Amino acid sequence: MKKEALIAAKAAYEIEYECIKAMQEHFDDAAFSKAVDLLRDAPRIGVSGCGHSGIICQHFAHLMCCIEQPAKFISPAEAVHGGMGFLQAGDVCVFASRGGKTGELLPILEICKKKGVHVITVTENLTSPLALGADVVLKQYVNRETDKYNSQGTTSSTALCMIFHALQTALIEETDYQNEQFALIHPGGAVGARLNEKK
């Protein structure tokens with residue numbers, strides 16, 4: 001391994017650590033509370049994003065299912081080919097777009113408005129179309145990506161993950177979700193064995 005590669009790898013830890021630490025300064029109690037309320041009361045939750053954001057959105061949909069808040073990742077491509085039939089009035093759609101201008105998501109936003117679907121947008125750009133069209137905007141802060149070109153979706157993915165993890169953590173408290181409930185729907189793997197271990 002090149003010396004420069006090792007230095008860059010170790011620096012990545014510091015870059016992402018500093019990002020998460022600084023994110024607390026951008027935490028908006030009122031916006032976060034409203035987002036939690038909407039997610040708690042939603043019959044169904046759709047989540048959509050492109051690229052790295054889309055991959056983290058799939059993770060969030062699974063996190064919601066793990067606490068029995070019915071959710072589904074809606075592919076931007078499939079959304080405009082009938083996939084938005086999953087969401088109805090009163091449901092919630094969560095968009096993740098660092099710049100808030102992702103072209104593939106804008107038609108989905110319009111569908112949400114017409115159907116009466118609540119919108120939560122996670123973005124850095126609070127004046128972007130996806131932010132202005134949302135019921136709630138959660139500020140995503142990113143100091144820089146970890147690569148030397150500041151172009152790969154690394155720190156930004158971690159920041160998005162952190163916001164989604166915070167939402168799930170809050171919802172567990174908000175809904176009084178019990179570990180016994182999780183044990184029922186998670187019998188598989190080492191976690192399932194531990195949760196369902198006979199005392």
# chains A, B, ... in the order shown; residues from 1 in each chain; ligands from 1
>>> residues_around(residues="region 170-179 of chain A", least_positions_apart="6", cutoff="12 Å", atoms="only C-alpha atoms", output="number ranges by chain")
A: 29, 32-41, 63-69, 163-164, 185-186, 191-192, 194-196
>>> write_last_selection(atoms="N, CA and C atoms", output="tab-separated table (two decimals), in the first residue's frame")
chain	number	residue	atom	x	y	z
A	29	ASP	N	-34.99	21.14	16.39
A	29	ASP	CA	-35.92	20.39	17.23
A	29	ASP	C	-37.34	20.36	16.68
A	32	PHE	N	-37.56	18.27	13.38
A	32	PHE	CA	-37.38	16.85	13.68
A	32	PHE	C	-38.62	16.29	14.37
A	33	SER	N	-39.19	17.05	15.31
A	33	SER	CA	-40.39	16.59	16.01
A	33	SER	C	-41.56	16.41	15.05
A	34	LYS	N	-41.70	17.34	14.11
A	34	LYS	CA	-42.79	17.23	13.14
A	34	LYS	C	-42.59	16.02	12.24
A	35	ALA	N	-41.34	15.76	11.86
A	35	ALA	CA	-41.05	14.58	11.02
A	35	ALA	C	-41.39	13.30	11.77
A	36	VAL	N	-41.04	13.23	13.04
A	36	VAL	CA	-41.35	12.05	13.85
A	36	VAL	C	-42.87	11.87	13.96
A	37	ASP	N	-43.59	12.96	14.18
A	37	ASP	CA	-45.06	12.88	14.28
A	37	ASP	C	-45.66	12.34	12.98
A	38	LEU	N	-45.19	12.85	11.85
A	38	LEU	CA	-45.72	12.40	10.56
A	38	LEU	C	-45.42	10.91	10.33
A	39	LEU	N	-44.21	10.50	10.63
A	39	LEU	CA	-43.84	9.09	10.44
A	39	LEU	C	-44.61	8.19	11.39
A	40	ARG	N	-44.79	8.63	12.61
A	40	ARG	CA	-45.52	7.84	13.60
A	40	ARG	C	-46.96	7.58	13.16
A	41	ASP	N	-47.59	8.58	12.59
A	41	ASP	CA	-49.01	8.50	12.26
A	41	ASP	C	-49.28	8.01	10.84
A	63	LEU	N	-35.32	-0.02	8.22
A	63	LEU	CA	-35.35	0.40	9.62
A	63	LEU	C	-36.78	0.63	10.09
A	64	MET	N	-37.59	1.24	9.25
A	64	MET	CA	-38.98	1.49	9.61
A	64	MET	C	-39.75	0.17	9.76
A	65	CYS	N	-39.53	-0.75	8.84
A	65	CYS	CA	-40.20	-2.05	8.94
A	65	CYS	C	-39.79	-2.78	10.22
A	66	CYS	N	-38.55	-2.59	10.64
A	66	CYS	CA	-38.06	-3.26	11.86
A	66	CYS	C	-38.76	-2.78	13.12
A	67	ILE	N	-39.39	-1.60	13.06
A	67	ILE	CA	-40.19	-1.14	14.21
A	67	ILE	C	-41.67	-1.07	13.84
A	68	GLU	N	-42.02	-1.85	12.81
A	68	GLU	CA	-43.41	-2.04	12.40
A	68	GLU	C	-44.12	-0.75	11.98
A	69	GLN	N	-43.36	0.10	11.30
A	69	GLN	CA	-43.93	1.25	10.60
A	69	GLN	C	-43.82	0.88	9.11
A	163	ILE	N	-29.05	10.81	10.22
A	163	ILE	CA	-30.39	11.40	10.35
A	163	ILE	C	-31.45	10.31	10.42
A	164	PHE	N	-31.33	9.32	9.55
A	164	PHE	CA	-32.30	8.22	9.55
A	164	PHE	C	-32.22	7.39	10.83
A	185	ILE	N	-40.73	-10.60	14.83
A	185	ILE	CA	-40.51	-10.40	13.39
A	185	ILE	C	-39.05	-10.61	12.99
A	186	HIS	N	-38.19	-10.90	13.97
A	186	HIS	CA	-36.77	-11.11	13.67
A	186	HIS	C	-36.27	-12.41	14.32
A	191	VAL	N	-29.01	-12.33	15.94
A	191	VAL	CA	-29.88	-11.41	16.67
A	191	VAL	C	-31.18	-12.10	17.05
A	192	GLY	N	-31.76	-12.83	16.10
A	192	GLY	CA	-33.01	-13.55	16.36
A	192	GLY	C	-32.83	-14.58	17.45
A	194	ARG	N	-30.68	-14.50	19.89
A	194	ARG	CA	-30.56	-13.82	21.18
A	194	ARG	C	-31.90	-13.29	21.67
A	195	LEU	N	-32.67	-12.69	20.75
A	195	LEU	CA	-33.96	-12.12	21.14
A	195	LEU	C	-34.94	-13.18	21.59
A	196	ASN	N	-34.86	-14.36	21.00
A	196	ASN	CA	-35.84	-15.40	21.29
A	196	ASN	C	-35.28	-16.50	22.22
>>> select_by_dssp(residues="region 89-187 of chain A", states="strand (DSSP E)", output="ChimeraX atom specification")
/A:92-96,118-123,136-139
>>> write_last_selection(atoms="C-alpha atoms", output="PDB file, in the first residue's frame")
ATOM      1  CA  VAL A  92     -45.651  10.019   4.014  1.00  0.00           C
ATOM      2  CA  CYS A  93     -42.956  10.134   1.353  1.00  0.00           C
ATOM      3  CA  VAL A  94     -39.367  10.782   2.441  1.00  0.00           C
ATOM      4  CA  PHE A  95     -37.007  12.248  -0.143  1.00  0.00           C
ATOM      5  CA  ALA A  96     -33.230  12.301   0.230  1.00  0.00           C
ATOM      6  CA  HIS A 118     -47.078  14.343   3.263  1.00  0.00           C
ATOM      7  CA  VAL A 119     -43.474  15.031   2.276  1.00  0.00           C
ATOM      8  CA  ILE A 120     -40.306  14.979   4.371  1.00  0.00           C
ATOM      9  CA  THR A 121     -37.151  16.093   2.563  1.00  0.00           C
ATOM     10  CA  VAL A 122     -33.601  15.578   3.791  1.00  0.00           C
ATOM     11  CA  THR A 123     -31.253  17.996   2.024  1.00  0.00           C
ATOM     12  CA  VAL A 136     -40.869  19.183   6.743  1.00  0.00           C
ATOM     13  CA  VAL A 137     -37.219  19.722   5.849  1.00  0.00           C
ATOM     14  CA  LEU A 138     -34.410  18.055   7.788  1.00  0.00           C
ATOM     15  CA  LYS A 139     -31.076  19.780   7.278  1.00  0.00           C
TER      16      LYS A 139
END
>>> residues_around(residues="Gly83 (chain A)", least_positions_apart="5", cutoff="10 Å", atoms="only C-alpha atoms", output="PDB file with C-alpha atoms, in the first residue's frame")
ATOM      1  CA  ILE A  74     -39.835   3.502  -4.139  1.00  0.00           C
ATOM      2  CA  SER A  75     -37.403   3.486  -7.050  1.00  0.00           C
ATOM      3  CA  PRO A  76     -37.511   6.853  -8.847  1.00  0.00           C
ATOM      4  CA  ALA A  77     -37.758   4.980 -12.152  1.00  0.00           C
ATOM      5  CA  GLU A  78     -40.647   2.784 -11.004  1.00  0.00           C
ATOM      6  CA  ILE A 108     -42.693  12.225  -7.618  1.00  0.00           C
TER       7      ILE A 108
END
>>> atom_distance(atom1="CA of Lys72 (chain A)", atom2="CA of Pro43 (chain A)")
11.8 Å
>>> select_by_dssp(residues="region 107-146 of chain A", states="alpha helix (DSSP H)", output="CSV table (one decimal) with N, CA and C atoms, in the first residue's frame")
chain,number,residue,atom,x,y,z
A,107,PRO,N,-40.9,14.9,-10.3
A,107,PRO,CA,-42.2,14.4,-10.7
A,107,PRO,C,-42.9,13.6,-9.6
A,108,ILE,N,-42.1,13.0,-8.8
A,108,ILE,CA,-42.7,12.2,-7.6
A,108,ILE,C,-43.2,13.2,-6.6
A,109,LEU,N,-42.5,14.3,-6.4
A,109,LEU,CA,-43.0,15.4,-5.5
A,109,LEU,C,-44.4,15.9,-6.0
A,110,GLU,N,-44.5,16.1,-7.3
A,110,GLU,CA,-45.8,16.6,-7.8
A,110,GLU,C,-46.9,15.6,-7.6
A,111,ILE,N,-46.6,14.3,-7.7
A,111,ILE,CA,-47.6,13.3,-7.5
A,111,ILE,C,-48.0,13.3,-6.0
A,112,CYS,N,-47.1,13.5,-5.1
A,112,CYS,CA,-47.4,13.5,-3.7
A,112,CYS,C,-48.4,14.7,-3.4
A,113,LYS,N,-48.1,15.8,-4.0
A,113,LYS,CA,-48.9,17.0,-3.7
A,113,LYS,C,-50.4,16.7,-4.2
A,114,LYS,N,-50.5,16.1,-5.4
A,114,LYS,CA,-51.8,15.9,-6.0
A,114,LYS,C,-52.6,14.8,-5.2
A,115,LYS,N,-51.9,13.9,-4.6
A,115,LYS,CA,-52.5,12.8,-3.9
A,115,LYS,C,-52.7,13.1,-2.4
A,129,PRO,N,-36.1,23.0,-4.8
A,129,PRO,CA,-37.4,22.6,-5.1
A,129,PRO,C,-38.0,21.5,-4.1
A,130,LEU,N,-37.1,20.5,-3.8
A,130,LEU,CA,-37.6,19.4,-2.9
A,130,LEU,C,-37.8,19.9,-1.5
A,131,ALA,N,-37.0,20.9,-1.1
A,131,ALA,CA,-37.2,21.5,0.2
A,131,ALA,C,-38.5,22.4,0.3
A,132,LEU,N,-38.6,23.2,-0.7
A,132,LEU,CA,-39.7,24.2,-0.8
A,132,LEU,C,-41.1,23.4,-0.9
>>> closest_residue(among="A:Leu160, A:Leu6, A:Ala22, A:Val117", to="Gln58 (chain A)", atoms="only C-alpha atoms")
A:Leu160
>>> closest_residue(among="A:Glu25, A:Asp91, A:Glu145, A:Glu14", to="Val47 (chain A)", atoms="only C-alpha atoms")
A:Asp91
>>> residues_around(residues="Tyr141 (chain A)", least_positions_apart="6", cutoff="9 Å", atoms="only C-alpha atoms", output="ChimeraX atom specification")
/A:19-20,22-23,26,98,123-124,156,159-160
>>> decode(residues="region 136-159 of chain A", atoms="C-alpha atoms", output="PDB file, in the first residue's frame")
ATOM      1  CA  VAL A 136     -40.869  19.183   6.743  1.00  0.00           C
ATOM      2  CA  VAL A 137     -37.219  19.722   5.849  1.00  0.00           C
ATOM      3  CA  LEU A 138     -34.410  18.055   7.788  1.00  0.00           C
ATOM      4  CA  LYS A 139     -31.076  19.780   7.278  1.00  0.00           C
ATOM      5  CA  GLN A 140     -28.273  17.553   6.041  1.00  0.00           C
ATOM      6  CA  TYR A 141     -24.835  18.892   6.861  1.00  0.00           C
ATOM      7  CA  VAL A 142     -21.717  17.625   5.078  1.00  0.00           C
ATOM      8  CA  ASN A 143     -18.242  19.053   5.699  1.00  0.00           C
ATOM      9  CA  ARG A 144     -16.601  17.226   2.767  1.00  0.00           C
ATOM     10  CA  GLU A 145     -16.413  13.791   1.225  1.00  0.00           C
ATOM     11  CA  THR A 146     -13.504  11.602   2.310  1.00  0.00           C
ATOM     12  CA  ASP A 147     -11.748  11.300  -1.071  1.00  0.00           C
ATOM     13  CA  LYS A 148      -9.189  13.868  -2.198  1.00  0.00           C
ATOM     14  CA  TYR A 149     -11.464  15.052  -4.994  1.00  0.00           C
ATOM     15  CA  ASN A 150     -14.395  15.639  -2.623  1.00  0.00           C
ATOM     16  CA  SER A 151     -16.687  13.879  -5.079  1.00  0.00           C
ATOM     17  CA  GLN A 152     -17.550  10.381  -3.817  1.00  0.00           C
ATOM     18  CA  GLY A 153     -20.723   9.864  -1.778  1.00  0.00           C
ATOM     19  CA  THR A 154     -18.976   8.896   1.449  1.00  0.00           C
ATOM     20  CA  THR A 155     -19.412  11.450   4.237  1.00  0.00           C
ATOM     21  CA  SER A 156     -22.716  12.542   2.734  1.00  0.00           C
ATOM     22  CA  SER A 157     -23.999   8.954   2.981  1.00  0.00           C
ATOM     23  CA  THR A 158     -22.883   8.760   6.603  1.00  0.00           C
ATOM     24  CA  ALA A 159     -24.650  12.053   7.383  1.00  0.00           C
TER      25      ALA A 159
END
